[in-house]
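K.L.:
Enclosed is the structure file start00.txt (compact mmCIF, C-alpha atoms and all ligand atoms).
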```txt
# COMPACT_ATOMS: atom_id res chain seq x y z
CA MET S 111 41.19 112.23 93.62
CA GLY S 112 42.84 110.81 90.52
CA LEU S 113 40.86 107.61 90.63
CA LYS S 114 37.11 107.77 90.53
CA THR S 115 36.76 106.92 94.20
CA SER S 116 34.58 109.74 95.48
CA GLY S 117 31.45 107.59 95.63
CA SER S 118 29.56 110.52 97.09
CA ASN S 119 26.22 109.06 95.98
CA LEU S 120 26.73 105.94 98.12
CA ARG S 121 24.51 105.51 101.18
CA VAL S 122 24.15 102.76 103.79
CA ASP S 123 20.94 100.77 104.21
CA GLY S 124 19.59 102.03 107.56
CA GLU S 125 16.94 99.31 107.79
CA ALA S 126 19.52 96.55 107.36
CA LEU S 127 21.80 98.20 109.94
CA TRP S 128 18.95 98.37 112.46
CA ALA S 129 18.01 94.75 111.77
CA ASP S 130 21.64 93.72 112.45
CA LEU S 131 21.64 95.67 115.74
CA MET S 132 18.45 93.95 116.88
CA GLU S 133 19.60 90.50 115.69
CA THR S 134 22.97 90.64 117.49
CA ALA S 135 21.27 91.94 120.68
CA ARG S 136 19.87 88.40 121.03
CA PHE S 137 23.34 87.06 121.88
CA GLY S 138 23.37 87.72 125.62
CA GLY S 139 20.08 89.63 125.53
CA THR S 140 18.66 90.44 129.01
CA PRO S 141 15.01 90.57 130.11
CA LYS S 142 15.30 94.35 130.55
CA GLY S 143 16.27 94.82 126.91
CA GLY S 144 19.99 95.17 127.44
CA VAL S 145 22.90 92.88 126.60
CA LYS S 146 25.23 90.89 128.85
CA ARG S 147 28.03 89.70 126.57
CA LEU S 148 31.23 89.55 128.55
CA THR S 149 34.39 88.93 126.58
CA LEU S 150 35.38 85.32 125.73
CA THR S 151 32.09 83.83 126.94
CA ALA S 152 29.70 81.59 124.98
CA GLU S 153 27.72 84.72 124.01
CA ASP S 154 30.90 86.36 122.69
CA ARG S 155 31.58 83.24 120.60
CA GLN S 156 28.02 83.34 119.22
CA VAL S 157 28.26 86.97 118.13
CA ARG S 158 31.72 86.36 116.65
CA ASP S 159 30.42 83.36 114.68
CA TRP S 160 27.58 85.57 113.40
CA PHE S 161 30.09 88.32 112.49
CA VAL S 162 32.34 85.92 110.55
CA LYS S 163 29.44 84.33 108.68
CA THR S 164 27.84 87.68 107.81
CA CYS S 165 31.12 89.20 106.60
CA GLU S 166 31.85 86.10 104.48
CA GLU S 167 28.39 86.36 102.91
CA LEU S 168 29.39 89.91 101.90
CA GLY S 169 32.44 88.54 100.08
CA CYS S 170 34.99 89.30 102.80
CA THR S 171 37.73 87.03 104.10
CA VAL S 172 38.07 87.06 107.88
CA SER S 173 41.36 86.64 109.73
CA CYS S 174 42.00 86.43 113.47
CA ASP S 175 45.12 87.46 115.36
CA SER S 176 46.69 85.93 118.46
CA MET S 177 44.54 88.12 120.76
CA GLY S 178 41.29 87.21 118.97
CA ASN S 179 41.01 90.54 117.16
CA LEU S 180 39.02 89.90 113.95
CA PHE S 181 39.72 91.53 110.58
CA ALA S 182 37.11 91.18 107.79
CA ARG S 183 38.76 92.18 104.52
CA ARG S 184 37.11 93.41 101.32
CA PRO S 185 39.67 93.44 98.50
CA GLY S 186 40.63 96.68 96.74
CA LEU S 187 42.07 97.44 93.31
CA ASP S 188 45.59 97.31 94.77
CA ASP S 189 45.84 94.67 97.45
CA SER S 190 49.47 95.53 98.11
CA LEU S 191 48.24 98.71 99.83
CA PRO S 192 47.62 98.60 103.60
CA PRO S 193 43.88 98.55 104.35
CA ILE S 194 41.67 101.47 105.32
CA THR S 195 40.03 100.12 108.48
CA MET S 196 37.01 100.72 110.70
CA GLY S 197 35.59 98.93 113.70
CA SER S 198 34.91 98.82 117.44
CA HIS S 199 33.95 96.04 119.88
CA LEU S 200 31.18 93.44 120.26
CA ASP S 201 31.67 92.75 123.98
CA THR S 202 29.53 94.53 126.58
CA GLN S 203 29.35 95.35 130.29
CA PRO S 204 27.41 92.93 132.55
CA THR S 205 24.40 95.26 132.31
CA GLY S 206 25.25 96.82 128.95
CA GLY S 207 23.14 98.11 126.11
CA LYS S 208 22.70 97.16 122.45
CA PHE S 209 24.85 99.94 121.00
CA ASP S 210 28.09 100.65 122.94
CA GLY S 211 30.76 99.25 120.62
CA ILE S 212 28.34 97.23 118.57
CA LEU S 213 27.25 100.25 116.53
CA GLY S 214 30.83 100.76 115.34
CA VAL S 215 31.15 97.15 114.16
CA LEU S 216 27.71 96.89 112.56
CA GLY S 217 28.00 100.41 111.13
CA GLY S 218 31.16 99.12 109.44
CA LEU S 219 29.20 96.13 108.18
CA ALA S 220 26.67 98.58 106.71
CA VAL S 221 29.56 100.31 104.90
CA LEU S 222 30.78 96.98 103.46
CA ARG S 223 27.22 96.20 102.34
CA ALA S 224 26.83 99.61 100.67
CA LEU S 225 30.10 99.17 98.76
CA ARG S 226 29.07 95.69 97.63
CA GLU S 227 25.58 96.65 96.54
CA ALA S 228 26.91 99.61 94.55
CA GLY S 229 29.65 97.46 93.02
CA HIS S 230 32.07 100.15 94.17
CA VAL S 231 35.69 99.00 94.17
CA THR S 232 38.02 100.96 96.43
CA ARG S 233 41.73 101.46 95.76
CA HIS S 234 42.77 100.07 99.15
CA PRO S 235 41.40 96.94 100.75
CA ILE S 236 38.76 97.91 103.32
CA GLU S 237 38.77 96.06 106.64
CA LEU S 238 36.28 95.85 109.48
CA ILE S 239 37.80 95.10 112.92
CA ASN S 240 36.28 93.64 116.09
CA TRP S 241 38.68 94.29 119.00
CA THR S 242 38.71 91.74 121.84
CA ASN S 243 37.83 92.86 125.40
CA GLU S 244 37.27 96.57 125.07
CA GLU S 245 35.13 96.69 128.20
CA GLY S 246 37.64 95.34 130.71
CA SER S 247 34.79 94.07 132.86
CA ARG S 248 35.63 90.34 133.02
CA PHE S 249 39.39 90.81 132.51
CA THR S 250 40.92 94.20 133.40
CA PRO S 251 42.18 96.61 132.12
CA PRO S 252 39.85 97.83 129.36
CA MET S 253 40.88 98.16 125.67
CA MET S 254 43.12 95.21 126.33
CA CYS S 255 43.67 93.80 122.85
CA SER S 256 43.82 97.06 120.90
CA GLY S 257 46.36 97.81 123.66
CA VAL S 258 48.43 94.75 122.72
CA PHE S 259 48.03 95.72 119.05
CA ALA S 260 49.48 99.17 119.80
CA GLY S 261 52.28 97.84 122.01
CA ILE S 262 50.87 99.19 125.29
CA PHE S 263 50.63 95.71 126.86
CA THR S 264 52.59 92.55 126.04
CA GLU S 265 50.76 89.54 124.67
CA GLN S 266 51.98 87.35 127.53
CA GLU S 267 50.78 89.67 130.32
CA VAL S 268 47.31 89.73 128.75
CA LEU S 269 47.20 85.95 128.14
CA ASP S 270 47.98 85.43 131.84
CA LYS S 271 45.22 87.74 133.16
CA ARG S 272 42.59 85.98 135.24
CA ASP S 273 38.93 86.76 135.82
CA ARG S 274 37.37 86.73 139.32
CA ALA S 275 36.65 83.01 138.94
CA GLY S 276 40.36 82.38 138.35
CA LEU S 277 39.95 81.53 134.65
CA ARG S 278 42.91 82.53 132.47
CA PHE S 279 42.42 84.85 129.49
CA GLY S 280 44.57 82.71 127.16
CA ASP S 281 42.67 79.52 128.04
CA GLU S 282 39.30 81.19 127.58
CA LEU S 283 40.37 82.63 124.21
CA GLU S 284 41.39 79.11 123.07
CA ALA S 285 38.13 77.70 124.43
CA ILE S 286 35.93 79.90 122.24
CA GLY S 287 38.09 79.08 119.21
CA TYR S 288 39.34 82.59 118.48
CA ARG S 289 43.07 82.44 119.14
CA GLY S 290 44.32 83.15 115.63
CA GLY S 291 47.71 82.56 114.06
CA GLU S 292 48.62 86.10 113.07
CA VAL S 293 50.84 87.83 115.66
CA CYS S 294 48.87 90.68 117.25
CA GLY S 295 50.21 94.04 116.09
CA GLN S 296 51.65 92.72 112.81
CA HIS S 297 48.53 93.64 110.83
CA PRO S 298 49.19 96.72 108.65
CA ILE S 299 46.70 99.60 108.88
CA ALA S 300 46.66 102.71 106.65
CA ALA S 301 43.98 104.50 108.72
CA TYR S 302 41.33 103.63 111.32
CA PHE S 303 37.86 105.10 111.88
CA GLU S 304 35.59 104.21 114.81
CA LEU S 305 31.90 105.04 115.01
CA HIS S 306 30.59 105.04 118.61
CA ILE S 307 27.73 106.36 120.69
CA GLU S 308 28.75 109.49 122.59
CA GLN S 309 28.04 108.02 126.08
CA GLY S 310 27.52 111.62 127.21
CA PRO S 311 24.84 114.33 126.92
CA ILE S 312 26.40 117.00 124.67
CA LEU S 313 25.10 116.10 121.19
CA GLU S 314 21.58 115.45 122.48
CA ALA S 315 21.53 118.73 124.44
CA GLU S 316 22.62 120.68 121.36
CA GLU S 317 20.27 118.72 119.08
CA LEU S 318 23.16 117.66 116.86
CA THR S 319 23.68 114.32 115.13
CA ILE S 320 27.40 113.98 114.44
CA GLY S 321 30.38 114.53 116.73
CA ALA S 322 33.77 114.75 115.00
CA VAL S 323 35.97 113.49 117.82
CA ALA S 324 39.20 115.48 118.15
CA GLY S 325 40.74 113.19 120.75
CA VAL S 326 40.41 111.64 124.19
CA GLN S 327 40.94 113.58 127.43
CA GLY S 328 44.07 113.08 129.47
CA MET S 329 43.28 111.74 132.93
CA ARG S 330 45.05 111.16 136.23
CA TRP S 331 43.84 109.38 139.36
CA TYR S 332 45.08 109.80 142.94
CA GLU S 333 44.44 108.38 146.38
CA VAL S 334 44.45 110.93 149.20
CA THR S 335 44.79 110.15 152.91
CA VAL S 336 44.25 112.93 155.46
CA ARG S 337 45.46 112.21 159.00
CA GLY S 338 44.39 114.23 162.07
CA ARG S 339 43.54 113.00 165.54
CA ASP S 340 40.45 111.23 166.92
CA ALA S 341 39.01 113.34 169.74
CA HIS S 342 35.86 113.67 171.85
CA ALA S 343 33.21 115.75 170.07
CA GLY S 344 31.99 117.27 173.31
CA SER S 345 35.18 118.16 175.13
CA THR S 346 37.57 119.21 172.34
CA PRO S 347 37.41 122.98 171.66
CA MET S 348 37.28 123.97 168.02
CA PRO S 349 40.74 125.64 167.90
CA LEU S 350 42.39 122.49 169.31
CA ARG S 351 40.96 119.98 166.82
CA HIS S 352 42.77 118.06 164.08
CA ASP S 353 39.62 117.20 162.09
CA ALA S 354 40.51 115.10 159.03
CA LEU S 355 37.00 115.14 157.57
CA LEU S 356 36.61 118.91 157.88
CA ALA S 357 39.95 119.40 156.11
CA SER S 358 38.87 116.90 153.44
CA ALA S 359 35.65 118.82 152.89
CA HIS S 360 37.68 121.96 152.16
CA MET S 361 39.94 119.94 149.84
CA ILE S 362 36.98 118.53 147.90
CA ALA S 363 35.61 122.04 147.43
CA ALA S 364 39.08 123.26 146.40
CA LEU S 365 39.35 120.51 143.76
CA ALA S 366 36.09 121.68 142.18
CA GLU S 367 37.43 125.26 142.13
CA VAL S 368 40.65 124.09 140.45
CA ALA S 369 38.62 122.22 137.79
CA ARG S 370 36.39 125.25 137.13
CA ALA S 371 39.46 127.47 136.81
CA HIS S 372 40.78 125.15 134.06
CA ALA S 373 37.55 124.77 132.04
CA PRO S 374 36.59 122.51 130.31
CA ALA S 375 38.45 120.39 132.86
CA VAL S 376 36.59 118.07 135.23
CA GLY S 377 37.62 117.12 138.74
CA THR S 378 35.84 114.49 140.82
CA VAL S 379 35.99 113.01 144.30
CA GLY S 380 33.79 109.93 143.87
CA LEU S 381 34.81 107.81 146.85
CA ILE S 382 35.40 108.76 150.49
CA GLU S 383 35.96 106.81 153.69
CA ASN S 384 35.87 108.45 157.11
CA ARG S 385 37.35 106.99 160.30
CA PRO S 386 36.24 106.18 162.87
CA ASN S 387 32.90 107.40 161.41
CA SER S 388 31.19 107.83 164.72
CA ASN S 389 28.70 110.59 165.52
CA ASN S 390 30.51 111.90 168.60
CA VAL S 391 34.13 111.53 167.50
CA VAL S 392 36.11 114.24 165.69
CA PRO S 393 37.30 112.24 162.63
CA GLY S 394 40.95 111.28 162.83
CA GLU S 395 41.48 109.96 159.29
CA THR S 396 39.83 110.19 155.88
CA PHE S 397 40.63 108.57 152.56
CA PHE S 398 39.32 109.76 149.19
CA THR S 399 40.03 109.47 145.48
CA VAL S 400 40.68 112.25 142.98
CA ASP S 401 40.01 112.01 139.23
CA ILE S 402 41.09 114.95 137.03
CA ARG S 403 40.68 115.21 133.24
CA HIS S 404 41.35 117.72 130.48
CA PRO S 405 41.98 117.41 126.71
CA GLU S 406 45.56 118.74 127.11
CA ASP S 407 48.22 117.03 129.20
CA HIS S 408 49.90 120.30 130.18
CA VAL S 409 46.61 121.50 131.69
CA VAL S 410 46.22 118.21 133.55
CA ALA S 411 49.74 118.75 134.92
CA ALA S 412 48.86 122.33 135.93
CA MET S 413 45.71 121.09 137.68
CA GLU S 414 47.76 118.49 139.52
CA ALA S 415 50.17 121.14 140.79
CA ALA S 416 47.30 123.49 141.72
CA PHE S 417 45.20 121.01 143.67
CA GLN S 418 48.21 119.60 145.52
CA GLU S 419 49.24 123.10 146.61
CA ARG S 420 45.69 123.85 147.78
CA PHE S 421 45.43 120.54 149.65
CA ARG S 422 48.74 121.16 151.46
CA ALA S 423 47.70 124.68 152.48
CA ILE S 424 44.35 123.39 153.77
CA ALA S 425 46.13 120.62 155.69
CA GLU S 426 48.45 123.13 157.34
CA THR S 427 45.61 125.42 158.37
CA GLY S 428 43.59 122.45 159.67
CA GLY S 429 46.41 120.91 161.65
CA VAL S 430 46.36 117.64 159.69
CA ASP S 431 48.75 115.76 157.40
CA VAL S 432 47.89 114.96 153.79
CA GLU S 433 49.39 112.22 151.62
CA ILE S 434 48.63 112.29 147.87
CA VAL S 435 49.53 109.17 145.85
CA PRO S 436 49.17 109.11 142.03
CA ILE S 437 47.72 105.71 141.00
CA TRP S 438 46.89 105.95 137.27
CA ASP S 439 47.71 108.21 134.35
CA ALA S 440 46.37 108.11 130.78
CA PRO S 441 47.83 110.79 128.52
CA ALA S 442 45.58 112.81 126.23
CA VAL S 443 45.07 111.48 122.71
CA HIS S 444 44.92 113.76 119.69
CA PHE S 445 43.43 112.12 116.65
CA ASP S 446 44.99 112.64 113.23
CA PRO S 447 43.89 116.08 111.94
CA ALA S 448 43.56 114.80 108.35
CA CYS S 449 41.33 111.91 109.44
CA VAL S 450 39.24 114.22 111.64
CA ALA S 451 38.83 116.52 108.61
CA MET S 452 37.60 113.52 106.57
CA VAL S 453 34.92 112.92 109.22
CA THR S 454 33.97 116.61 109.23
CA ASP S 455 33.75 116.75 105.41
CA ALA S 456 31.78 113.51 105.23
CA ALA S 457 29.34 114.84 107.83
CA ARG S 458 28.76 118.08 105.92
CA GLU S 459 28.29 116.17 102.67
CA ALA S 460 25.67 113.98 104.37
CA GLY S 461 23.85 117.15 105.47
CA PHE S 462 24.95 117.38 109.11
CA ALA S 463 26.72 120.15 111.03
CA PRO S 464 29.59 118.27 112.70
CA ARG S 465 30.41 119.29 116.26
CA SER S 466 34.01 119.04 117.43
CA ILE S 467 34.04 117.01 120.63
CA VAL S 468 36.60 115.42 122.96
CA SER S 469 35.84 111.99 124.35
CA GLY S 470 35.61 111.56 128.12
CA PRO S 471 35.68 107.74 128.05
CA GLY S 472 38.56 105.75 126.54
CA HIS S 473 38.11 103.77 123.30
CA ASP S 474 40.05 101.27 121.20
CA ALA S 475 40.72 104.19 118.83
CA ALA S 476 42.77 105.86 121.58
CA TYR S 477 45.31 103.02 121.40
CA VAL S 478 45.11 102.48 117.63
CA ALA S 479 45.93 106.21 117.26
CA ARG S 480 49.44 105.41 118.51
CA VAL S 481 50.18 103.23 115.47
CA ALA S 482 47.96 104.57 112.65
CA PRO S 483 46.15 107.77 111.61
CA THR S 484 42.84 107.57 113.48
CA ALA S 485 39.58 109.45 114.04
CA MET S 486 36.20 108.78 115.64
CA ILE S 487 32.57 109.64 114.91
CA PHE S 488 30.05 110.09 117.75
CA VAL S 489 26.27 109.90 117.50
CA PRO S 490 23.91 110.87 120.35
CA CYS S 491 22.44 108.42 122.85
CA LYS S 492 19.28 109.11 124.83
CA ASP S 493 19.94 111.09 128.05
CA GLY S 494 23.66 110.47 127.51
CA LEU S 495 23.09 107.06 129.10
CA SER S 496 25.52 104.16 128.51
CA HIS S 497 26.83 101.10 130.37
CA ASN S 498 23.14 100.67 131.12
CA GLU S 499 20.50 98.28 129.78
CA GLU S 500 18.36 101.30 128.88
CA GLU S 501 21.02 102.67 126.52
CA SER S 502 19.08 103.91 123.48
CA ILE S 503 19.68 105.51 120.08
CA THR S 504 17.46 106.20 117.08
CA GLN S 505 17.59 104.33 113.79
CA ALA S 506 18.05 107.67 112.01
CA ASP S 507 21.13 108.52 114.10
CA ALA S 508 22.61 105.05 113.61
CA GLN S 509 22.15 105.42 109.85
CA ALA S 510 23.60 108.96 109.90
CA GLY S 511 26.69 107.78 111.77
CA ALA S 512 27.25 104.88 109.36
CA ASN S 513 26.86 107.20 106.37
CA VAL S 514 29.50 109.52 107.80
CA LEU S 515 31.73 106.48 108.41
CA LEU S 516 31.25 105.50 104.76
CA GLY S 517 32.11 109.02 103.60
CA ALA S 518 35.24 109.10 105.77
CA ILE S 519 36.39 105.68 104.50
CA LEU S 520 36.00 106.78 100.87
CA ARG S 521 37.94 109.99 101.57
CA ALA S 522 40.71 108.01 103.26
CA ASP S 523 40.79 105.62 100.31
CA ALA S 524 41.42 108.56 98.01
CA ALA S 525 43.91 110.33 100.29
CA PHE S 526 46.25 107.63 101.60
ZN ZN I 1 32.55 101.14 123.72
```
Output the file's structure in the form of structure tokens.

P.N.:
Amino acid sequence: MGLKTSGSNLRVDGEALWADLMETARFGGTPKGGVKRLTLTAEDRQVRDWFVKTCEELGCTVSCDSMGNLFARRPGLDDSLPPITMGSHLDTQPTGGKFDGILGVLGGLAVLRALREAGHVTRHPIELINWTNEEGSRFTPPMMCSGVFAGIFTEQEVLDKRDRAGLRFGDELEAIGYRGGEVCGQHPIAAYFELHIEQGPILEAEELTIGAVAGVQGMRWYEVTVRGRDAHAGSTPMPLRHDALLASAHMIAALAEVARAHAPAVGTVGLIENRPNSNNVVPGETFFTVDIRHPEDHVVAAMEAAFQERFRAIAETGGVDVEIVPIWDAPAVHFDPACVAMVTDAAREAGFAPRSIVSGPGHDAAYVARVAPTAMIFVPCKDGLSHNEEESITQADAQAGANVLLGAILRADAAF
């Protein structure tokens, strides 16, 4: 660290961060204490207007790209350098909480405030990003505009998406006044850090405060159809049956065995349909979904081969046919080891034992990681609950996460 950029005495204002969380929860606030702030709605415009005004009051200039992604910029000593960035999303699920996504944006705001109040000037510009439509609830798929930024989707395909009411994404973006002039994806980024609630139970169970996220699990989805023959439940002897549901039951159990054999993999059958679904008919056809996940793509591939082999063997024994169709595939993401180390170091400096963790859910950071060095910070949420109006975190954990974000940003400023 040639320049005096360590800033290790800097801390965020936890009270101000909590006040921001509670204030923004009013935009789309629900009677049950949650938030309904679907992307590109009036509530989204309100929270964006608040974001722009608050960032400008902190001395930042705010720019908007063609997908409505917002960049609040605090100048550095050398403004020719690409910015060190942080952020997340301000949109929510229809019955969302106050923290999913929002913590990462307002935690970033707390970092900007801490830098300003300390009069600390970084070498790089520091930017806070709000990504449009992370949730994918009103317009699918999720992580849509970080996806355009990273070149996963084209701008035109996203602009032409329609919600269930038939309204077009591009028109709705124009309508709330956040279709900016900068071409999405043209914005330079030196590094990106995202603070987020864990949305799972691990940190809480281990009584830890900070997760240093190593990456995002690879996942694959399939649709499985098992075909046997409808037959009378009273007159068809057991050896002569072609029972699709019985075979499916063995397959579902086999999938769980395959997942356990590839720990920490997970394998899930979450949806099943049985036909004709009648109490005195041997089932002739079943349909179910398979979801498999593991942090390493080669393990996901091995699980795929293993469960397909098991399913085919079970089908043969049961006298049924099985058809397995892959429908979706998201490769594993490995965050930048140097950025993850910055999170780990910042956590230790702030007095926390960081736990290495792999994210089950996807995040904007998973796409940004394809175009810039990236890492994430997790903090616990009560009972691991998220996408739920009862989603809850403590002020102390919010503050801890933002302090680790601040420490990581300062390390990145010195390193890049
Ligand atoms: Zn989120």

K.L.:
If the limit is 7 Å from any atom of ligand ZN 1 (chain I), counting only C-alpha atoms and all ligand atoms, which residues qualify? Return them as a ChimeraX atom specification.

P.N.:
/S:199,210-211,244-245,306,473

K.L.:
Go ahead and save the picked residues with C-alpha atoms, as a short mmCIF file (atom, residue, chain, number, x, y, z; two decimals), in the coordinates of the input.

P.N.:
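Final file, out_15.cif:
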```
data_model
loop_
_atom_site.label_atom_id
_atom_site.label_comp_id
_atom_site.auth_asym_id
_atom_site.auth_seq_id
_atom_site.Cartn_x
_atom_site.Cartn_y
_atom_site.Cartn_z
CA HIS S 199 33.95 96.04 119.88
CA ASP S 210 28.09 100.65 122.94
CA GLY S 211 30.76 99.25 120.62
CA GLU S 244 37.27 96.57 125.07
CA GLU S 245 35.13 96.69 128.20
CA HIS S 306 30.59 105.04 118.61
CA HIS S 473 38.11 103.77 123.30
#
```

K.L.:
For Asp507 of chain S, which residue out of S:Arg420, S:Glu314, S:Arg272, S:Glu166 is the nearest one, using only C-alpha atoms?

P.N.:
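So, comparing all the options, the nearest one is S:Glu314.
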
K.L.:
I'd like the neighbourhood of Asn240 of chain S as a list in words, where a residue qualifies if any of its atoms comes within 6 Å (using only C-alpha atoms), though same-chain residues fewer than 2 positions away should be ignored.

P.N.:
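The neighbour list is Asn179, Leu180, Gly197, Ser198 and His199 of chain S.
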
K.L.:
Pick the closest to Lys163 of chain S from S:Ile194, S:Val336, S:Gly328, S:Leu219: which is it, counting all atoms listed in the file?

P.N.:
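Ranking S:Ile194, S:Val336, S:Gly328, S:Leu219 by distance to Lys163 of chain S, first place goes to S:Leu219.
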
K.L.:
Hey, what's within 8 Å of Phe209 of chain S if we count all atoms listed in the file and toss same-chain stuff fewer than 5 positions away? As a PyMOL selection string, please?

P.N.:
chain S and resi 131+307+501-503

K.L.:
Would you kindly return, as a list in words, each protein, DNA or RNA residue with an atom no farther than 8 Å from any atom of Tyr477 of chain S, considering all atoms listed in the file and excluding same-chain residues fewer than 6 positions away?

P.N.:
Met253, Ser256, Gly257, Ala260 and Ile262 of chain S

K.L.:
Can you measure atom CA of Gly511 of chain S to atom CA of Asn243 of chain S for me? One decimal in Å is fine.

P.N.:
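Computing the Euclidean distance for atom CA of Gly511 of chain S and atom CA of Asn243 of chain S yields 23.1 Å.
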
K.L.:
From the list S:Arg465, S:Arg385, S:Arg278, S:Arg155, which residue is nearest Ile487 of chain S when using all atoms listed in the file?

P.N.:
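Going through S:Arg465, S:Arg385, S:Arg278, S:Arg155 one by one, the smallest distance to Ile487 of chain S is for S:Arg465.
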
K.L.:
Give the answer as one residue: which of S:Glu265, S:Glu433, S:Asp474, S:Glu499 has the shortest atom-to-atom distance to Leu200 of chain S, using all atoms listed in the file?

P.N.:
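Among the listed residues, S:Asp474 lies closest to Leu200 of chain S.
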
K.L.:
Which of these residues is nearest to Arg403 of chain S, using all atoms listed in the file: S:Asp340, S:Glu317, S:Asp439, S:Glu227?

P.N.:
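So, comparing all the options, the nearest one is S:Asp439.
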